[in-house]
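What follows is a set of notes on a single structure, which appears directly below.
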Amino acid sequence: MKGTEKKASVKLRSNFDSVELAERFFHSVIDQSRIQDSDSHRMEMAVRESVINAIQHGNGCDESKQVELSISVTPAKITIWVRDEGHGFDAGSVPNPLEENNLLKTSGRGIFIIRSFMDEFSVRRVPNNGSEVVMVKRLSSNSNSNSR
Amino acid sequence: MQLKTRKIGEVNVVDINGKITLGEGNIILRDTIRNLLSRGEKKILLNLGDVTYIDSSGIGELVSSFTTTTNQGGQLKLLNLTKKVQDLLQITKLLTVFEVFTNEGQAVSSFK
């Protein structure tokens, strides 16, 4: 599988114009891999939400800091890394937006959406260099062939 | 995002076209709702049939529109959810909060 891996990275400024750039970059990398539309949309949302979090909460909208988006595509899965230069966060401490008290809150759904749309999600501290979100979407052979 | 408001009886139907996302889309929606409420227009039906994309920030704006309207004694309901929007409102449990319609006539006549 390693021989068929396609991997690409881009560094983005910490402003919200970068969010659409991140989405376009994502599509430029995965388009050739023939993903189902619904999976593509879900991954696009995961990229969007994680890049917004990295800009806003990770880098504090400090334009001197960068967000690095990396994507790996293999026949079996798509892996997405979003790295910022912030102090990281504990994904486990994010309030559950489905709890009754949180249902009408106007924010706090980004991580939940990513977890719902991706097969794997984790956050790790990068020593001396911020934090990194790692997201994986597994691709069934069916999902590859359906869109051909 | 483009937004157009029309009136059917006492109900203000807001036709939204495009993305409800962080930034411009959210601001336009927020301003429209505030404008309607400031004029005493408290029966609002958001037609989302031509919404192509909504992110967590856009969902937050829908919730904000709902609570702002409700707190002022009004009603805000949703019409014509696309599959993508429906999925998002489903997983975030917000379909239990919003009143949702697929037929404009039924939606309009549901306002008290």
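Chain identifiers are assigned as A, B, and so on, following the order in which chains appear in the structure tokens; residues are numbered from 1 within each chain, and ligands are numbered from 1 in order of appearance.
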
Starting from chain B, keep only residues with some atom at most 10 Å from an atom of chain A, counting only C-alpha atoms, and report them as a JSON list (two decimals) with C-alpha atoms, in the first residue's frame.
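Listed below is the output, iface-v7.json:
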[["chain", "number", "residue", "atom", "x", "y", "z"],
["B", 22, "LEU", "CA", -18.18, 31.56, 9.44],
["B", 23, "GLY", "CA", -17.95, 35.17, 8.32],
["B", 53, "TYR", "CA", -23.13, 24.34, 2.74],
["B", 54, "ILE", "CA", -23.38, 24.98, 6.46],
["B", 55, "ASP", "CA", -20.62, 24.64, 9.05],
["B", 56, "SER", "CA", -20.67, 24.56, 12.86],
["B", 57, "SER", "CA", -20.57, 28.34, 12.92],
["B", 58, "GLY", "CA", -23.61, 28.45, 10.61],
["B", 59, "ILE", "CA", -25.44, 26.00, 12.85],
["B", 60, "GLY", "CA", -24.62, 28.29, 15.76],
["B", 61, "GLU", "CA", -26.13, 31.18, 13.83],
["B", 62, "LEU", "CA", -29.35, 29.22, 13.22],
["B", 63, "VAL", "CA", -29.54, 28.48, 16.95],
["B", 64, "SER", "CA", -28.85, 32.12, 17.76],
["B", 65, "SER", "CA", -31.59, 33.22, 15.34],
["B", 66, "PHE", "CA", -33.99, 30.77, 16.98],
["B", 67, "THR", "CA", -33.25, 31.82, 20.57],
["B", 83, "LYS", "CA", -29.82, 16.35, 2.84],
["B", 84, "LYS", "CA", -26.54, 17.83, 4.10],
["B", 88, "LEU", "CA", -26.07, 17.98, 10.46],
["B", 91, "ILE", "CA", -26.47, 14.47, 14.47],
["B", 92, "THR", "CA", -26.42, 17.65, 16.57],
["B", 93, "LYS", "CA", -29.92, 16.80, 17.87],
["B", 94, "LEU", "CA", -31.22, 20.15, 16.70],
["B", 96, "THR", "CA", -35.62, 18.18, 18.25],
["B", 97, "VAL", "CA", -35.41, 21.97, 18.67]]

Please, which residues of chain A, numbered as in this document, come out helix (DSSP H, G or I) from DSSP, as an MDAnalysis selection string? chainID A and resid 2:4 17:33 37:58 91:93 100:102 110:117 141:146

Return as number ranges by chain the full set of residues in chain B whose backbone-based DSSP assignment is strand (DSSP E). B: 2-8, 11-20, 43-54, 75-79, 100-101

Point-to-point distance from atom CA of B:Ser38 to atom CA of B:Thr21, Å rounded to tenths: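 Calculated distance between atom CA of B:Ser38 and atom CA of B:Thr21 is 23.9 Å.
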
For B:Thr82, which of B:Glu24, B:Asn17, B:Arg34, B:Lys112 is the closest residue, counting only C-alpha atoms?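 Answer, going by the shortest atom-to-atom distance: B:Asn17.
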
Write out as a PyMOL selection string the residues lying within 10 Å of A:Ser72, counting only C-alpha atoms and excluding same-chain residues fewer than 3 positions away. chain A and resi 5-9+29-30+77-81+136

Which residues come within 9 Å of B:Leu81, counting only C-alpha atoms, excluding same-chain residues fewer than 6 positions away, as a PyMOL selection string? chain B and resi 47-51+100-102

Between atom CA of B:Ile16 and atom CA of A:Glu23, what is the distance in Å, rounded to a tenth? 22.2 Å

Between B:Lys19, B:Asn80, B:Val108, B:Thr69, which has the minimum distance to B:Lys7 (counting only C-alpha atoms)?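 Using only C-alpha atoms, the shortest distance to B:Lys7 belongs to B:Val108.
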
Given only C-alpha atoms as the basis, pick out the residue of A:Asn59, A:Gln36, A:Ser18, A:Asn53 nearest to A:Ala91.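 Ranked by minimum distance to A:Ala91, first place goes to A:Asn53.
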
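Proximity to B:Val14 was assessed for B:Leu76, B:Thr52, B:Thr68, B:Arg39 counting only C-alpha atoms; the smallest distance is recorded for B:Leu76.
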
Please measure the separation of atom CA of A:Val67 and atom CA of A:Arg13, giving the value in Å to one decimal. 6.4 Å
